[in-house]
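Reproduced below: upload_2.cif, with mmCIF, C-alpha atoms.
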data_start
loop_
_atom_site.label_atom_id
_atom_site.label_comp_id
_atom_site.auth_asym_id
_atom_site.auth_seq_id
_atom_site.Cartn_x
_atom_site.Cartn_y
_atom_site.Cartn_z
CA MET A 208 -0.53 -16.51 -7.71
CA SER A 209 -2.45 -13.37 -8.47
CA ASP A 210 -5.86 -13.50 -10.06
CA SER A 211 -7.71 -11.08 -12.32
CA ARG A 212 -9.36 -9.43 -9.30
CA ASP A 213 -5.97 -8.67 -7.71
CA ILE A 214 -4.71 -7.33 -11.04
CA ARG A 215 -7.78 -5.10 -11.46
CA PHE A 216 -7.29 -3.46 -8.06
CA MET A 217 -3.51 -3.20 -8.49
CA GLU A 218 -4.15 -1.40 -11.79
CA LEU A 219 -6.20 1.15 -9.80
CA ALA A 220 -3.26 1.53 -7.41
CA LEU A 221 -0.94 2.03 -10.39
CA GLY A 222 -3.25 4.79 -11.63
CA GLN A 223 -2.83 6.49 -8.27
CA ALA A 224 0.94 6.03 -8.52
CA GLN A 225 0.89 7.72 -11.93
CA ALA A 226 -1.06 10.63 -10.42
CA ALA A 227 1.62 10.92 -7.72
CA ALA A 228 4.35 11.03 -10.37
CA ALA A 229 2.47 13.71 -12.30
CA ALA A 230 2.38 15.76 -9.08
CA GLY A 231 6.13 15.34 -8.54
CA GLU A 232 5.70 12.81 -5.73
CA ALA A 233 7.27 9.35 -5.55
CA PRO A 234 4.93 7.19 -7.66
CA ILE A 235 3.28 4.99 -5.09
CA GLY A 236 -0.45 4.36 -4.99
CA ALA A 237 -2.80 2.50 -2.68
CA VAL A 238 -6.37 1.24 -2.86
CA ILE A 239 -8.48 -0.16 -0.04
CA VAL A 240 -11.26 -2.55 -1.00
CA ASP A 241 -14.10 -4.27 0.83
CA PRO A 242 -13.77 -7.89 -0.34
CA ALA A 243 -17.39 -8.66 0.52
CA SER A 244 -18.67 -6.28 -2.17
CA ASP A 245 -15.51 -5.38 -4.12
CA GLU A 246 -16.33 -1.74 -3.34
CA VAL A 247 -13.35 0.60 -3.48
CA VAL A 248 -13.36 2.25 -0.07
CA ALA A 249 -10.34 4.54 -0.56
CA LEU A 250 -7.79 5.59 -3.18
CA ALA A 251 -4.64 7.56 -2.42
CA HIS A 252 -1.13 8.30 -3.59
CA ASN A 253 2.03 9.57 -1.98
CA ALA A 254 1.80 13.26 -1.05
CA PRO A 255 4.44 14.12 1.58
CA ILE A 256 5.83 17.00 -0.50
CA ALA A 257 2.47 18.62 -1.25
CA GLY A 258 1.21 18.10 2.28
CA HIS A 259 4.45 19.02 4.06
CA ASP A 260 3.84 15.76 5.92
CA PRO A 261 6.44 13.00 6.18
CA SER A 262 3.70 10.52 7.07
CA ALA A 263 1.67 11.21 3.90
CA HIS A 264 2.52 7.89 2.27
CA ALA A 265 -0.11 6.32 0.02
CA GLU A 266 -0.88 3.64 2.59
CA ILE A 267 -1.37 6.10 5.46
CA LEU A 268 -3.56 8.41 3.39
CA SER A 269 -5.72 5.53 2.15
CA LEU A 270 -6.12 4.22 5.72
CA ARG A 271 -7.22 7.69 6.88
CA LEU A 272 -9.75 7.99 4.05
CA ALA A 273 -11.12 4.49 4.64
CA GLY A 274 -11.48 5.08 8.36
CA GLN A 275 -13.37 8.31 7.74
CA LYS A 276 -15.60 6.66 5.15
CA ILE A 277 -16.62 3.70 7.30
CA GLY A 278 -16.56 5.63 10.58
CA ASN A 279 -14.11 3.37 12.36
CA TYR A 280 -10.37 3.25 12.90
CA ARG A 281 -10.51 -0.52 12.66
CA LEU A 282 -10.61 -1.62 9.03
CA THR A 283 -10.93 -5.30 9.90
CA GLY A 284 -11.24 -7.53 6.89
CA LEU A 285 -10.60 -4.85 4.28
CA GLU A 286 -7.86 -5.34 1.68
CA MET A 287 -5.09 -2.96 0.70
CA PHE A 288 -3.44 -2.96 -2.71
CA VAL A 289 -0.25 -0.90 -2.88
CA THR A 290 2.32 -0.59 -5.64
CA LEU A 291 5.41 -0.87 -3.41
CA GLU A 292 6.27 -3.02 -0.41
CA PRO A 293 5.27 -0.96 2.65
CA CYS A 294 7.87 0.67 4.88
CA ALA A 295 7.97 0.10 8.65
CA MET A 296 5.71 3.10 9.36
CA CYS A 297 3.09 1.90 6.90
CA ALA A 298 3.32 -1.74 7.99
CA GLY A 299 2.68 -0.60 11.56
CA ALA A 300 -0.34 1.43 10.49
CA ILE A 301 -1.68 -1.50 8.43
CA SER A 302 -1.38 -3.69 11.51
CA HIS A 303 -3.07 -1.15 13.79
CA ALA A 304 -5.91 -0.75 11.29
CA ARG A 305 -6.44 -4.51 11.20
CA ILE A 306 -6.28 -4.75 7.41
CA GLY A 307 -7.18 -8.33 6.51
CA ARG A 308 -5.12 -8.71 3.37
CA LEU A 309 -2.19 -6.76 1.92
CA VAL A 310 -1.29 -7.09 -1.75
CA TYR A 311 1.72 -5.22 -3.10
CA GLY A 312 3.56 -4.88 -6.37
CA ALA A 313 7.29 -4.18 -6.31
CA SER A 314 9.58 -5.32 -3.51
CA ASP A 315 11.65 -2.65 -1.76
CA PRO A 316 14.98 -4.06 -0.55
CA LYS A 317 16.09 -0.63 0.75
CA GLY A 318 13.01 0.60 2.58
CA GLY A 319 10.52 -2.24 2.69
CA ALA A 320 9.46 -3.78 5.98
CA VAL A 321 7.37 -6.78 4.93
CA GLU A 322 9.78 -9.13 3.15
CA HIS A 323 12.84 -6.94 3.79
CA GLY A 324 14.32 -4.98 6.68
CA PRO A 325 12.47 -5.50 9.95
CA ARG A 326 9.86 -7.89 8.47
CA PHE A 327 7.33 -6.14 10.64
CA PHE A 328 4.56 -8.72 10.50
CA GLU A 329 6.93 -11.47 11.67
CA GLN A 330 7.85 -9.65 14.90
CA PRO A 331 6.44 -10.97 18.19
CA THR A 332 5.37 -7.41 19.07
CA CYS A 333 3.09 -7.29 16.01
CA HIS A 334 -0.40 -8.06 17.27
CA TRP A 335 -2.25 -8.15 13.94
CA ARG A 336 -0.90 -9.75 10.79
CA PRO A 337 -2.66 -9.42 7.47
CA ASP A 338 -2.47 -12.10 4.84
CA VAL A 339 0.28 -10.86 2.52
CA MET A 340 0.81 -11.34 -1.19
CA GLY A 341 3.64 -9.63 -3.01
CA GLY A 342 4.52 -9.58 -6.66
CA VAL A 343 1.27 -8.44 -8.29
CA LEU A 344 2.13 -6.33 -11.36
CA THR A 345 5.69 -6.10 -10.06
CA GLU A 346 7.21 -5.12 -13.39
CA GLN A 347 4.79 -2.25 -13.96
CA SER A 348 5.22 -0.95 -10.42
CA ALA A 349 9.01 -1.17 -10.55
CA ALA A 350 9.20 0.42 -14.02
CA LEU A 351 7.14 3.39 -12.87
CA LEU A 352 9.45 3.96 -9.90
CA LYS A 353 12.66 3.48 -11.88
CA GLY A 354 11.49 5.80 -14.67
CA PHE A 355 10.45 8.50 -12.18
CA PHE A 356 13.77 8.51 -10.31
CA LYS A 357 15.85 8.23 -13.47
CA ALA A 358 14.11 11.32 -14.88
CA ARG A 359 14.71 13.21 -11.62
CA ARG A 360 18.43 12.40 -11.70
CA GLY A 361 18.45 13.77 -15.27
#

Reformat the file's structure so that it appears as structure tokens.
Amino acid sequence: MSDSRDIRFMELALGQAQAAAAAGEAPIGAVIVDPASDEVVALAHNAPIAGHDPSAHAEILSLRLAGQKIGNYRLTGLEMFVTLEPCAMCAGAISHARIGRLVYGASDPKGGAVEHGPRFFEQPTCHWRPDVMGGVLTEQSAALLKGFFKARRG
């Protein structure tokens, strides 16, 4: 069950996703928060096209920004809010960063790696597992993605 705090931070992630769409990128946004203070540590959106970087997913970019801000590659205890279920690459990075809690919006049956596909955090080779909550503002996240790709197909 999501609470108003989760909704507030997911709305920030949705704002980032809208910025990605406006830039012609897949509309996925991520926010990293320090739960002790509710400070937003990092905001990012997908940018692989603009950055000519296949790893420039919202999650990866927000992890990079958060690490630079706090001066550590370990983001132990921080929370990530992302509009779409992370892929395998992003789930691996979330694990390596030691994110304490992952909250996501829409499920991704095709490319997701948390509740779909490899179920990364359930693998015995995964050494750090965040608490995971899916389904926060699912409809809004999914509608943004569907609308973006429908418009691109024309």

Tell me which residues the PyMOL selection byres ((chain A and resi 337) around 12) grabs here, as a ChimeraX atom specification.
/A:282-287,298-310,321,327-329,333-336,338-340

Could you please take those selected residues and save C-alpha atoms as a PDB file, in the coordinates of the input?
ATOM      1  CA  LEU A 282     -10.610  -1.620   9.030  1.00  0.00           C
ATOM      2  CA  THR A 283     -10.930  -5.300   9.900  1.00  0.00           C
ATOM      3  CA  GLY A 284     -11.240  -7.530   6.890  1.00  0.00           C
ATOM      4  CA  LEU A 285     -10.600  -4.850   4.280  1.00  0.00           C
ATOM      5  CA  GLU A 286      -7.860  -5.340   1.680  1.00  0.00           C
ATOM      6  CA  MET A 287      -5.090  -2.960   0.700  1.00  0.00           C
ATOM      7  CA  ALA A 298       3.320  -1.740   7.990  1.00  0.00           C
ATOM      8  CA  GLY A 299       2.680  -0.600  11.560  1.00  0.00           C
ATOM      9  CA  ALA A 300      -0.340   1.430  10.490  1.00  0.00           C
ATOM     10  CA  ILE A 301      -1.680  -1.500   8.430  1.00  0.00           C
ATOM     11  CA  SER A 302      -1.380  -3.690  11.510  1.00  0.00           C
ATOM     12  CA  HIS A 303      -3.070  -1.150  13.790  1.00  0.00           C
ATOM     13  CA  ALA A 304      -5.910  -0.750  11.290  1.00  0.00           C
ATOM     14  CA  ARG A 305      -6.440  -4.510  11.200  1.00  0.00           C
ATOM     15  CA  ILE A 306      -6.280  -4.750   7.410  1.00  0.00           C
ATOM     16  CA  GLY A 307      -7.180  -8.330   6.510  1.00  0.00           C
ATOM     17  CA  ARG A 308      -5.120  -8.710   3.370  1.00  0.00           C
ATOM     18  CA  LEU A 309      -2.190  -6.760   1.920  1.00  0.00           C
ATOM     19  CA  VAL A 310      -1.290  -7.090  -1.750  1.00  0.00           C
ATOM     20  CA  VAL A 321       7.370  -6.780   4.930  1.00  0.00           C
ATOM     21  CA  PHE A 327       7.330  -6.140  10.640  1.00  0.00           C
ATOM     22  CA  PHE A 328       4.560  -8.720  10.500  1.00  0.00           C
ATOM     23  CA  GLU A 329       6.930 -11.470  11.670  1.00  0.00           C
ATOM     24  CA  CYS A 333       3.090  -7.290  16.010  1.00  0.00           C
ATOM     25  CA  HIS A 334      -0.400  -8.060  17.270  1.00  0.00           C
ATOM     26  CA  TRP A 335      -2.250  -8.150  13.940  1.00  0.00           C
ATOM     27  CA  ARG A 336      -0.900  -9.750  10.790  1.00  0.00           C
ATOM     28  CA  ASP A 338      -2.470 -12.100   4.840  1.00  0.00           C
ATOM     29  CA  VAL A 339       0.280 -10.860   2.520  1.00  0.00           C
ATOM     30  CA  MET A 340       0.810 -11.340  -1.190  1.00  0.00           C
TER      31      MET A 340
END

With all atoms listed in the file as the basis for distance, which of A:Ala220, A:Ala295, A:Ile214, A:Ala349 is at the shortest distance from A:Ala313?
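Nearest candidate to A:Ala313 out of A:Ala220, A:Ala295, A:Ile214, A:Ala349: A:Ala349.
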
Figure out the distance between atom CA of A:Ala226 and atom CA of A:Gly274, please, to one decimal in Å.
22.2 Å

How many Å lie between atom CA of A:Gln225 and atom CA of A:Leu351, rounded to one decimal?
7.7 Å

Long-range neighbours of A:His252 as number ranges by chain, 9 Å cut-off, only C-alpha atoms, 6 positions minimum in chain:
A: 220, 223-227, 232-238, 263-266, 268-269

Which residues are close to A:Leu272, i.e. within 9 Å by all atoms listed in the file, leaving aside same-chain residues fewer than 3 positions away? Reply as a VMD selection string.
chain A and resid 248 to 251 267 to 269 275 to 277

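Between atom CA of A:Met217 and atom CA of A:Ala273 the separation is 17.0 Å.
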
Just say which residues the PyMOL selection byres ((chain A and resi 314) around 8) picks in this file, as a list in words.
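That expression, the PyMOL selection byres ((chain A and resi 314) around 8), corresponds here to Leu291, Glu292, Tyr311, Gly312, Ala313, Asp315, Pro316, Gly319, Glu322, Gly341, Gly342 and Thr345 of chain A.
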
With distances taken over only C-alpha atoms, which residue among A:Ala358, A:Ala229, A:Val247, A:Leu270 lies nearest A:Phe216?
A:Val247

Would you mind listing what lies within 12 Å of A:Arg215 as an MDAnalysis selection string, with all atoms listed in the file counted and same-chain residues fewer than 4 positions away left out?
chainID A and resid 209:211 219:222 238 240 245 247 288 310 343:344

Would you kindly place N, CA and C atoms on stretch 270-282 of chain A and return the model as a short mmCIF file (atom, residue, chain, number, x, y, z; two decimals), in the coordinates of the input?
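What ended up in part_20.cif:
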data_model
loop_
_atom_site.label_atom_id
_atom_site.label_comp_id
_atom_site.auth_asym_id
_atom_site.auth_seq_id
_atom_site.Cartn_x
_atom_site.Cartn_y
_atom_site.Cartn_z
N LEU A 270 -5.57 4.68 4.43
CA LEU A 270 -6.12 4.22 5.72
C LEU A 270 -6.96 5.32 6.35
N ARG A 271 -6.46 6.56 6.32
CA ARG A 271 -7.22 7.69 6.88
C ARG A 271 -8.56 7.86 6.16
N LEU A 272 -8.51 7.83 4.83
CA LEU A 272 -9.75 7.99 4.05
C LEU A 272 -10.74 6.86 4.32
N ALA A 273 -10.23 5.64 4.39
CA ALA A 273 -11.12 4.49 4.64
C ALA A 273 -11.74 4.58 6.03
N GLY A 274 -10.94 4.94 7.01
CA GLY A 274 -11.48 5.08 8.36
C GLY A 274 -12.57 6.12 8.44
N GLN A 275 -12.35 7.26 7.76
CA GLN A 275 -13.37 8.31 7.74
C GLN A 275 -14.62 7.83 7.02
N LYS A 276 -14.45 7.11 5.93
CA LYS A 276 -15.60 6.66 5.15
C LYS A 276 -16.46 5.67 5.93
N ILE A 277 -15.82 4.71 6.59
CA ILE A 277 -16.62 3.70 7.30
C ILE A 277 -16.91 4.08 8.75
N GLY A 278 -16.29 5.17 9.23
CA GLY A 278 -16.56 5.63 10.58
C GLY A 278 -15.95 4.77 11.66
N ASN A 279 -14.78 4.21 11.37
CA ASN A 279 -14.11 3.37 12.36
C ASN A 279 -12.62 3.35 12.06
N TYR A 280 -11.81 3.34 13.10
CA TYR A 280 -10.37 3.25 12.90
C TYR A 280 -9.93 1.82 12.67
N ARG A 281 -10.79 0.88 12.94
CA ARG A 281 -10.51 -0.52 12.66
C ARG A 281 -11.07 -0.85 11.29
N LEU A 282 -10.22 -1.30 10.40
CA LEU A 282 -10.61 -1.62 9.03
C LEU A 282 -10.55 -3.14 8.84
#
